[in-house]
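So this one's upload_14.pdb, PDB, C-alpha atoms, pLDDT in the B column:
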```
MODEL        1
ATOM      1  CA  PHE A   1      -7.732   4.828  16.176  1.00 54.00           C
ATOM      2  CA  ALA A   2      -9.585   1.580  15.595  1.00 50.00           C
ATOM      3  CA  GLN A   3     -10.536  -0.013  18.901  1.00 46.00           C
ATOM      4  CA  THR A   4     -12.055  -3.393  19.693  1.00 40.00           C
ATOM      5  CA  LEU A   5     -15.035  -3.023  22.008  1.00 40.00           C
ATOM      6  CA  GLN A   6     -14.800  -4.906  25.292  1.00 42.00           C
ATOM      7  CA  GLY A   7     -17.508  -7.518  25.668  1.00 45.00           C
ATOM      8  CA  LYS A   8     -18.036  -7.643  21.933  1.00 46.00           C
ATOM      9  CA  LYS A   9     -16.821 -10.182  19.414  1.00 49.00           C
ATOM     10  CA  LYS A  10     -15.270  -8.876  16.233  1.00 57.00           C
ATOM     11  CA  SER A  11     -16.718  -5.414  16.823  1.00 63.00           C
ATOM     12  CA  VAL A  12     -14.343  -2.570  16.027  1.00 72.00           C
ATOM     13  CA  VAL A  13     -14.838   1.191  16.301  1.00 73.00           C
ATOM     14  CA  TYR A  14     -13.534   3.283  13.395  1.00 80.00           C
ATOM     15  CA  PRO A  15     -13.467   7.070  13.021  1.00 85.00           C
ATOM     16  CA  SER A  16     -15.388   8.992  10.380  1.00 88.00           C
ATOM     17  CA  TRP A  17     -13.287  12.012   9.356  1.00 93.00           C
ATOM     18  CA  LYS A  18     -14.493  15.588   8.887  1.00 93.00           C
ATOM     19  CA  GLU A  19     -12.254  15.761   5.826  1.00 94.00           C
ATOM     20  CA  THR A  20      -9.519  13.671   4.234  1.00 95.00           C
ATOM     21  CA  ALA A  21      -6.308  14.198   2.321  1.00 94.00           C
ATOM     22  CA  LYS A  22      -6.959  12.421  -0.981  1.00 94.00           C
ATOM     23  CA  ILE A  23      -4.394  10.550  -3.046  1.00 94.00           C
ATOM     24  CA  LYS A  24      -5.617   9.278  -6.409  1.00 94.00           C
ATOM     25  CA  TYR A  25      -4.102   6.130  -7.850  1.00 95.00           C
ATOM     26  CA  LYS A  26      -4.518   3.901 -10.880  1.00 95.00           C
ATOM     27  CA  PHE A  27      -3.515   0.264 -11.306  1.00 96.00           C
ATOM     28  CA  LYS A  28      -1.203  -0.599 -14.167  1.00 95.00           C
ATOM     29  CA  ALA A  29      -2.950  -2.680 -16.844  1.00 94.00           C
ATOM     30  CA  GLY A  30      -2.402  -6.367 -16.185  1.00 95.00           C
ATOM     31  CA  THR A  31      -1.951  -6.061 -12.413  1.00 96.00           C
ATOM     32  CA  ASP A  32      -3.302  -9.287 -10.911  1.00 97.00           C
ATOM     33  CA  GLY A  33      -6.346  -9.334  -8.652  1.00 97.00           C
ATOM     34  CA  THR A  34      -4.491 -10.580  -5.564  1.00 98.00           C
ATOM     35  CA  ARG A  35      -2.044  -7.674  -5.588  1.00 98.00           C
ATOM     36  CA  LYS A  36      -4.888  -5.232  -6.198  1.00 98.00           C
ATOM     37  CA  ALA A  37      -6.880  -6.622  -3.275  1.00 98.00           C
ATOM     38  CA  ALA A  38      -3.884  -6.423  -0.930  1.00 98.00           C
ATOM     39  CA  PHE A  39      -3.136  -2.809  -1.891  1.00 98.00           C
ATOM     40  CA  ARG A  40      -6.794  -1.813  -1.497  1.00 98.00           C
ATOM     41  CA  LYS A  41      -6.812  -3.395   1.965  1.00 97.00           C
ATOM     42  CA  ALA A  42      -3.675  -1.483   2.993  1.00 98.00           C
ATOM     43  CA  ALA A  43      -5.302   1.720   1.694  1.00 97.00           C
ATOM     44  CA  LEU A  44      -8.401   0.975   3.786  1.00 96.00           C
ATOM     45  CA  ILE A  45      -6.272   0.430   6.889  1.00 96.00           C
ATOM     46  CA  TRP A  46      -4.720   3.864   6.326  1.00 97.00           C
ATOM     47  CA  LEU A  47      -8.179   5.462   6.085  1.00 96.00           C
ATOM     48  CA  GLN A  48      -9.319   3.651   9.239  1.00 94.00           C
ATOM     49  CA  THR A  49      -6.243   4.974  11.038  1.00 94.00           C
ATOM     50  CA  ALA A  50      -5.816   8.534   9.760  1.00 95.00           C
ATOM     51  CA  CYS A  51      -7.590  11.015   7.509  1.00 96.00           C
ATOM     52  CA  VAL A  52      -5.663   9.853   4.421  1.00 96.00           C
ATOM     53  CA  GLU A  53      -7.864   8.514   1.641  1.00 96.00           C
ATOM     54  CA  LEU A  54      -6.458   6.667  -1.360  1.00 96.00           C
ATOM     55  CA  GLN A  55      -8.967   6.863  -4.207  1.00 96.00           C
ATOM     56  CA  GLU A  56      -8.808   4.442  -7.121  1.00 96.00           C
ATOM     57  CA  VAL A  57      -9.405   6.195 -10.468  1.00 94.00           C
ATOM     58  CA  SER A  58      -9.266   5.240 -14.131  1.00 89.00           C
ATOM     59  CA  SER A  59      -7.790   8.448 -15.553  1.00 84.00           C
ATOM     60  CA  GLY A  60      -6.339  11.851 -14.725  1.00 81.00           C
ATOM     61  CA  GLU A  61      -3.371  12.782 -12.538  1.00 79.00           C
ATOM     62  CA  GLN A  62      -2.653   9.869 -10.261  1.00 87.00           C
ATOM     63  CA  VAL A  63      -0.113   7.565  -8.660  1.00 94.00           C
ATOM     64  CA  ASN A  64       0.675   4.533 -10.813  1.00 95.00           C
ATOM     65  CA  VAL A  65       0.443   1.212  -8.962  1.00 97.00           C
ATOM     66  CA  GLY A  66       1.476  -2.139 -10.418  1.00 97.00           C
ATOM     67  CA  ASN A  67       3.981  -4.978 -10.651  1.00 96.00           C
ATOM     68  CA  TYR A  68       6.935  -3.351 -12.407  1.00 96.00           C
ATOM     69  CA  ASN A  69       9.687  -5.464 -10.827  1.00 95.00           C
ATOM     70  CA  SER A  70       8.884  -8.674  -8.945  1.00 93.00           C
ATOM     71  CA  LYS A  71      12.242  -8.582  -7.102  1.00 94.00           C
ATOM     72  CA  SER A  72      11.411  -5.497  -5.046  1.00 95.00           C
ATOM     73  CA  CYS A  73       8.548  -3.631  -3.375  1.00 97.00           C
ATOM     74  CA  HIS A  74       9.053   0.118  -3.288  1.00 96.00           C
ATOM     75  CA  VAL A  75       7.806   3.614  -4.111  1.00 96.00           C
ATOM     76  CA  ASN A  76       9.454   6.073  -6.486  1.00 94.00           C
ATOM     77  CA  GLY A  77       8.929   9.563  -5.089  1.00 91.00           C
ATOM     78  CA  LEU A  78       8.635  10.566  -1.432  1.00 91.00           C
ATOM     79  CA  GLY A  79       5.378  12.443  -0.920  1.00 91.00           C
ATOM     80  CA  TYR A  80       3.816  14.817  -3.436  1.00 85.00           C
ATOM     81  CA  ILE A  81       6.308  16.273  -5.912  1.00 82.00           C
ATOM     82  CA  PRO A  82       4.882  18.855  -8.384  1.00 77.00           C
ATOM     83  CA  GLY A  83       5.234  17.646 -11.960  1.00 80.00           C
ATOM     84  CA  TYR A  84       6.307  14.147 -10.879  1.00 86.00           C
ATOM     85  CA  LYS A  85       4.125  11.052 -11.007  1.00 87.00           C
ATOM     86  CA  ASN A  86       4.820   8.659  -8.129  1.00 93.00           C
ATOM     87  CA  THR A  87       5.000   4.955  -8.881  1.00 96.00           C
ATOM     88  CA  VAL A  88       4.290   2.094  -6.493  1.00 97.00           C
ATOM     89  CA  ASN A  89       5.980  -1.154  -7.496  1.00 98.00           C
ATOM     90  CA  LEU A  90       4.026  -3.922  -5.764  1.00 98.00           C
ATOM     91  CA  GLY A  91       6.560  -6.568  -6.774  1.00 97.00           C
ATOM     92  CA  TRP A  92       6.974  -9.140  -4.018  1.00 97.00           C
ATOM     93  CA  CYS A  93       4.232  -7.408  -1.996  1.00 98.00           C
ATOM     94  CA  LYS A  94       1.897  -9.739  -3.815  1.00 96.00           C
ATOM     95  CA  ASN A  95      -0.744 -10.770  -1.265  1.00 97.00           C
ATOM     96  CA  PHE A  96      -2.285 -10.129   2.154  1.00 97.00           C
ATOM     97  CA  GLY A  97       0.807 -11.604   3.809  1.00 97.00           C
ATOM     98  CA  HIS A  98       2.614  -8.376   2.930  1.00 97.00           C
ATOM     99  CA  LEU A  99       0.058  -5.889   4.294  1.00 97.00           C
ATOM    100  CA  GLY A 100       2.595  -4.383   6.692  1.00 97.00           C
ATOM    101  CA  SER A 101       5.006  -3.693   3.836  1.00 97.00           C
ATOM    102  CA  LEU A 102       2.201  -2.166   1.762  1.00 98.00           C
ATOM    103  CA  ILE A 103       1.260   0.096   4.690  1.00 98.00           C
ATOM    104  CA  HIS A 104       4.954   1.037   4.809  1.00 98.00           C
ATOM    105  CA  GLU A 105       5.038   1.905   1.098  1.00 98.00           C
ATOM    106  CA  ILE A 106       1.875   4.013   1.343  1.00 97.00           C
ATOM    107  CA  GLY A 107       3.716   5.807   4.149  1.00 97.00           C
ATOM    108  CA  HIS A 108       6.275   6.880   1.546  1.00 96.00           C
ATOM    109  CA  LEU A 109       3.446   8.121  -0.682  1.00 94.00           C
ATOM    110  CA  VAL A 110       2.250  10.453   2.078  1.00 94.00           C
ATOM    111  CA  GLY A 111       5.809  11.702   2.610  1.00 93.00           C
ATOM    112  CA  TRP A 112       7.131   9.524   5.435  1.00 95.00           C
ATOM    113  CA  ASP A 113      10.822   8.680   5.313  1.00 96.00           C
ATOM    114  CA  HIS A 114      12.414   5.751   7.117  1.00 97.00           C
ATOM    115  CA  THR A 115      12.512   6.246  10.871  1.00 96.00           C
ATOM    116  CA  GLN A 116      16.264   5.609  11.054  1.00 96.00           C
ATOM    117  CA  LYS A 117      16.695   8.800   8.980  1.00 96.00           C
ATOM    118  CA  ARG A 118      15.257  11.007  11.740  1.00 95.00           C
ATOM    119  CA  PRO A 119      17.653  13.866  12.599  1.00 93.00           C
ATOM    120  CA  ASP A 120      18.005  12.565  16.159  1.00 94.00           C
ATOM    121  CA  ALA A 121      18.544   8.908  15.194  1.00 95.00           C
ATOM    122  CA  GLN A 122      22.329   9.083  14.971  1.00 95.00           C
ATOM    123  CA  ALA A 123      23.153  12.436  16.529  1.00 94.00           C
ATOM    124  CA  LYS A 124      22.348  14.538  19.571  1.00 94.00           C
ATOM    125  CA  ILE A 125      20.174  17.437  18.481  1.00 91.00           C
ATOM    126  CA  MET A 126      17.793  19.946  20.008  1.00 90.00           C
ATOM    127  CA  GLY A 127      14.133  19.058  19.453  1.00 86.00           C
ATOM    128  CA  PRO A 128      11.037  21.243  19.049  1.00 82.00           C
ATOM    129  CA  ASP A 129      10.676  21.132  22.840  1.00 85.00           C
ATOM    130  CA  GLY A 130      13.975  22.964  23.330  1.00 88.00           C
ATOM    131  CA  LYS A 131      15.669  19.863  24.841  1.00 91.00           C
ATOM    132  CA  TRP A 132      18.494  17.678  23.564  1.00 94.00           C
ATOM    133  CA  HIS A 133      17.692  14.228  22.219  1.00 92.00           C
ATOM    134  CA  GLY A 134      19.545  11.314  20.649  1.00 93.00           C
ATOM    135  CA  PRO A 135      21.388   9.435  19.424  1.00 93.00           C
ATOM    136  CA  TYR A 136      19.323   6.236  19.293  1.00 93.00           C
ATOM    137  CA  LEU A 137      21.212   4.216  16.684  1.00 94.00           C
ATOM    138  CA  LYS A 138      24.756   3.192  15.939  1.00 94.00           C
ATOM    139  CA  VAL A 139      25.071   2.642  12.173  1.00 96.00           C
ATOM    140  CA  HIS A 140      27.888   0.413  10.909  1.00 97.00           C
ATOM    141  CA  TRP A 141      28.564   2.047   7.564  1.00 97.00           C
ATOM    142  CA  ASN A 142      31.280  -0.422   6.572  1.00 96.00           C
ATOM    143  CA  ARG A 143      28.727  -3.245   6.624  1.00 97.00           C
ATOM    144  CA  ILE A 144      26.291  -1.612   4.194  1.00 96.00           C
ATOM    145  CA  THR A 145      27.013  -3.020   0.755  1.00 92.00           C
ATOM    146  CA  THR A 146      26.051  -0.246  -1.701  1.00 92.00           C
ATOM    147  CA  SER A 147      25.642   3.529  -1.850  1.00 93.00           C
ATOM    148  CA  SER A 148      21.928   3.148  -2.627  1.00 92.00           C
ATOM    149  CA  TRP A 149      21.466   1.226   0.618  1.00 95.00           C
ATOM    150  CA  LYS A 150      23.604   3.698   2.553  1.00 96.00           C
ATOM    151  CA  HIS A 151      21.203   6.418   1.435  1.00 95.00           C
ATOM    152  CA  GLN A 152      18.467   4.667   3.437  1.00 95.00           C
ATOM    153  CA  TYR A 153      20.410   5.364   6.643  1.00 96.00           C
ATOM    154  CA  GLN A 154      21.627   8.895   5.959  1.00 96.00           C
ATOM    155  CA  PRO A 155      19.887  11.523   8.143  1.00 95.00           C
ATOM    156  CA  ASN A 156      17.099  13.615   6.641  1.00 94.00           C
ATOM    157  CA  ARG A 157      16.821  16.915   8.505  1.00 91.00           C
ATOM    158  CA  ASN A 158      13.238  17.272   7.245  1.00 89.00           C
ATOM    159  CA  ALA A 159      12.078  13.892   8.576  1.00 91.00           C
ATOM    160  CA  TYR A 160       9.308  14.107  11.190  1.00 89.00           C
ATOM    161  CA  PHE A 161      10.366  14.005  14.833  1.00 89.00           C
ATOM    162  CA  GLY A 162       7.828  16.398  16.285  1.00 85.00           C
ATOM    163  CA  SER A 163       5.683  19.432  15.570  1.00 85.00           C
ATOM    164  CA  SER A 164       4.430  22.646  17.103  1.00 80.00           C
ATOM    165  CA  ALA A 165       1.431  20.686  18.372  1.00 81.00           C
ATOM    166  CA  ARG A 166       3.168  17.561  19.710  1.00 80.00           C
ATOM    167  CA  ARG A 167       6.607  19.073  20.276  1.00 84.00           C
ATOM    168  CA  TRP A 168       9.324  16.378  20.239  1.00 87.00           C
ATOM    169  CA  VAL A 169       8.063  12.791  19.973  1.00 88.00           C
ATOM    170  CA  ASN A 170       9.772   9.711  21.361  1.00 89.00           C
ATOM    171  CA  TYR A 171      12.015   7.818  18.965  1.00 92.00           C
ATOM    172  CA  ASP A 172       9.952   4.894  17.679  1.00 93.00           C
ATOM    173  CA  TYR A 173      11.968   1.693  17.215  1.00 93.00           C
ATOM    174  CA  GLY A 174       8.743  -0.190  16.514  1.00 93.00           C
ATOM    175  CA  SER A 175       7.516   2.049  13.687  1.00 96.00           C
ATOM    176  CA  VAL A 176       6.274   0.404  10.495  1.00 97.00           C
ATOM    177  CA  MET A 177       8.731   2.772   8.773  1.00 97.00           C
ATOM    178  CA  HIS A 178      11.788   1.525  10.689  1.00 97.00           C
ATOM    179  CA  TYR A 179      14.254  -0.959   9.210  1.00 96.00           C
ATOM    180  CA  GLY A 180      15.355  -3.968  11.186  1.00 94.00           C
ATOM    181  CA  THR A 181      18.966  -4.047  12.338  1.00 93.00           C
ATOM    182  CA  GLY A 182      20.058  -6.401   9.571  1.00 93.00           C
ATOM    183  CA  GLY A 183      19.148  -7.505   6.070  1.00 91.00           C
ATOM    184  CA  SER A 184      20.570  -8.985   2.897  1.00 92.00           C
ATOM    185  CA  HIS A 185      22.373  -5.694   2.245  1.00 94.00           C
ATOM    186  CA  CYS A 186      24.335  -6.019   5.497  1.00 95.00           C
ATOM    187  CA  LYS A 187      27.627  -7.909   5.359  1.00 95.00           C
ATOM    188  CA  GLY A 188      29.633  -8.966   8.395  1.00 94.00           C
ATOM    189  CA  GLY A 189      26.913  -8.298  10.953  1.00 95.00           C
ATOM    190  CA  ALA A 190      24.031  -5.934  11.661  1.00 94.00           C
ATOM    191  CA  CYS A 191      23.887  -2.628   9.792  1.00 96.00           C
ATOM    192  CA  MET A 192      22.859  -0.824  12.959  1.00 95.00           C
ATOM    193  CA  ASP A 193      22.377  -1.333  16.669  1.00 91.00           C
ATOM    194  CA  GLN A 194      19.834   0.223  18.978  1.00 89.00           C
ATOM    195  CA  ILE A 195      21.265   2.311  21.806  1.00 84.00           C
ATOM    196  CA  ILE A 196      19.782   4.051  24.810  1.00 73.00           C
ATOM    197  CA  LYS A 197      22.428   5.557  27.048  1.00 64.00           C
ATOM    198  CA  GLY A 198      24.923   3.153  25.473  1.00 59.00           C
ATOM    199  CA  LYS A 199      22.824   0.034  26.018  1.00 60.00           C
ATOM    200  CA  LYS A 200      21.087  -2.187  23.479  1.00 63.00           C
ATOM    201  CA  THR A 201      17.408  -2.801  24.137  1.00 63.00           C
ATOM    202  CA  ALA A 202      14.506  -4.430  22.297  1.00 65.00           C
ATOM    203  CA  LYS A 203      13.974  -5.534  18.705  1.00 78.00           C
ATOM    204  CA  VAL A 204      14.129  -2.866  16.004  1.00 90.00           C
ATOM    205  CA  GLY A 205      11.759  -2.686  13.036  1.00 91.00           C
ATOM    206  CA  ASN A 206       8.192  -3.773  12.312  1.00 92.00           C
ATOM    207  CA  ARG A 207       6.261  -4.853   9.225  1.00 94.00           C
ATOM    208  CA  LYS A 208       3.061  -6.001  10.931  1.00 93.00           C
ATOM    209  CA  GLY A 209       1.303  -2.638  10.921  1.00 95.00           C
ATOM    210  CA  PHE A 210       1.119   0.784  12.522  1.00 96.00           C
ATOM    211  CA  SER A 211       2.702   1.366  15.908  1.00 94.00           C
ATOM    212  CA  GLY A 212       0.947   3.638  18.377  1.00 92.00           C
ATOM    213  CA  GLN A 213       3.425   6.405  17.560  1.00 93.00           C
ATOM    214  CA  ASP A 214       2.749   5.941  13.818  1.00 95.00           C
ATOM    215  CA  ILE A 215      -0.943   6.570  14.407  1.00 94.00           C
ATOM    216  CA  LEU A 216      -0.282   9.703  16.455  1.00 92.00           C
ATOM    217  CA  LYS A 217       2.182  10.907  13.811  1.00 93.00           C
ATOM    218  CA  ALA A 218      -0.286  10.516  10.930  1.00 94.00           C
ATOM    219  CA  ASN A 219      -3.078  12.271  12.786  1.00 93.00           C
ATOM    220  CA  ASP A 220      -0.743  15.068  13.864  1.00 92.00           C
ATOM    221  CA  GLN A 221       0.720  15.725  10.418  1.00 91.00           C
ATOM    222  CA  TYR A 222      -2.665  15.804   8.691  1.00 92.00           C
ATOM    223  CA  ARG A 223      -4.469  17.501  11.597  1.00 92.00           C
ATOM    224  CA  CYS A 224      -7.114  14.792  11.500  1.00 93.00           C
ATOM    225  CA  SER A 225     -10.449  15.573  13.125  1.00 92.00           C
ATOM    226  CA  THR A 226     -13.286  13.096  13.622  1.00 88.00           C
ATOM    227  CA  LYS A 227     -16.942  13.916  13.076  1.00 79.00           C
ATOM    228  CA  SER A 228     -18.260  10.601  14.389  1.00 73.00           C
ATOM    229  CA  PHE A 229     -17.429   6.930  14.928  1.00 69.00           C
ATOM    230  CA  PHE A 230     -18.974   3.780  13.530  1.00 60.00           C
ATOM    231  CA  ILE A 231     -18.941   0.165  14.671  1.00 63.00           C
ATOM    232  CA  GLU A 232     -18.020  -2.664  12.349  1.00 64.00           C
ATOM    233  CA  GLY A 233     -18.703  -6.302  13.238  1.00 59.00           C
ATOM    234  CA  SER A 234     -21.187  -8.355  15.200  1.00 46.00           C
ATOM    235  CA  SER A 235     -21.778  -8.436  18.931  1.00 45.00           C
ATOM    236  CA  SER A 236     -21.977 -11.479  21.146  1.00 42.00           C
TER     237      SER A 236
ENDMDL
END
```
With the file now loaded, output its structure as structure tokens.
Amino acid sequence: FAQTLQGKKKSVVYPSWKETAKIKYKFKAGTDGTRKAAFRKAALIWLQTACVELQEVSSGEQVNVGNYNSKSCHVNGLGYIPGYKNTVNLGWCKNFGHLGSLIHEIGHLVGWDHTQKRPDAQAKIMGPDGKWHGPYLKVHWNRITTSSWKHQYQPNRNAYFGSSARRWVNYDYGSVMHYGTGGSHCKGGACMDQIIKGKKTAKVGNRKGFSGQDILKANDQYRCSTKSFFIEGSSS
């Protein structure tokens, strides 16, 4: 939703929401300032993009955020689970160079699964629009090294691929929630290939930030509604 004004330097328009979905979080004692600053920035980017507000608190029911394992960066718990306290392990997401990955992990907090787990990613299914869609990926299961990694590619029938408002939405290879085709857990070649009518196309995966489809998805799922806009930055 943020837009840079033409004819202006460093001036960006952000929405002010009528209401927000609030997620309270607390930093683990001893979490360093650089990791905290990076997570807060990713949280701000979410609020500037959709009506999802992460609120830092000191007590009460909240998501725990900290450096629990420096060898990974992940979230325990997909979305809100009654009686379960989500944990965000910042790990190697230790500075502003990992903002895209932090945006990705906050996506898990709000309930987003990996894009390659969409029901139509690996199979032809009927979408909310009453038409057939997919498949968009060819997964090479024999190249995925462990069962825990294979889980990240297994279809989730509840994963978002449309709604009553937006109907079916285009498969988004460039989503911040999509894996790349390869990785250290892939042996003997790529774990998956992109296909459209049997042909490979562009690069898969993104950890720079929200894609256009990500923004539409967030605003659709939370039924975001703006009350006004404000301008940040200086004009020329």
With a cut-off of 12 Å, could you pull out the residues of range 14-96 of chain A touching range 113-127 of chain A and give me the nearest pair of atoms for each, distance in Å to one decimal, using all atoms listed in the file, ordered by chain and ascending number, as a Markdown table?
```
| residue | atom | partner | partner_atom | distance |
| --- | --- | --- | --- | --- |
| A:Val75 | CA | A:Asp113 | CA | 11.1 |
| A:Gly77 | CA | A:Asp113 | CA | 10.6 |
| A:Leu78 | CA | A:Asp113 | CA | 7.3 |
| A:Gly79 | CA | A:Asp113 | CA | 9.1 |
```
Got a sec: who's within 12 Å of range 86-102 of chain A, counting all atoms listed in the file, leaving out chain neighbours fewer than 5 positions off, as an MDAnalysis selection string?
chainID A and resid 23:28 31:46 61:81 107:111 175:179 205:211
Could you state the separation of CA of Tyr136 in chain A and CA of Glu105 in chain A in Å, given to one decimal place?
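Spanning CA of Tyr136 in chain A to CA of Glu105 in chain A is a straight-line distance of 23.5 Å.
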Local residues around (8.0, 11.1, 18.6), at most 8 Å away, using only C-alpha atoms, as an MDAnalysis selection string:
chainID A and resid 161:162 168:172 213 217
Point-to-point distance from CA of Leu54 in chain A to CA of Ala159 in chain A, Å rounded to tenths
22.2 Å
Between A:Gly180, A:Gly83, A:Pro15, A:Pro155, which is the closest to Asn219 in chain A once you count only C-alpha atoms?
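Under the stated criterion, the closest residue is A:Pro15.
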Would you translate the PyMOL selection byres ((chain A and resi 181-187) around 9) into the concrete set of residues it matches in this file, as a list in words?
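Against this file, the PyMOL selection byres ((chain A and resi 181-187) around 9) returns the residues Asn142, Arg143, Ile144, Thr145, Thr146, Trp149, Tyr179, Gly180, Gly188, Gly189, Ala190, Cys191, Met192, Asp193, Gln194, Lys203, Val204 and Gly205 of chain A.
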In Å to one decimal, how far is CA of Trp112 in chain A from CA of Ala218 in chain A?
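So the answer is 9.3 Å.
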Distance cut-off 8 Å, centre (25.9, 6.5, 12.2) in file coordinates, counting all atoms listed in the file: which residues qualify? Return them as a ChimeraX atom specification.
/A:122-123,137-141,153-154,192
Using all atoms listed in the file, the residue out of A:Val12, A:Ala165, A:Ala21, A:Ile195 with shortest distance to Ala50 in chain A is A:Ala21
Shortest contact to Tyr173 in chain A, candidates A:Gln221, A:Asp214, A:Pro82, A:Gly130, atoms counted all atoms listed in the file, goes to A:Asp214
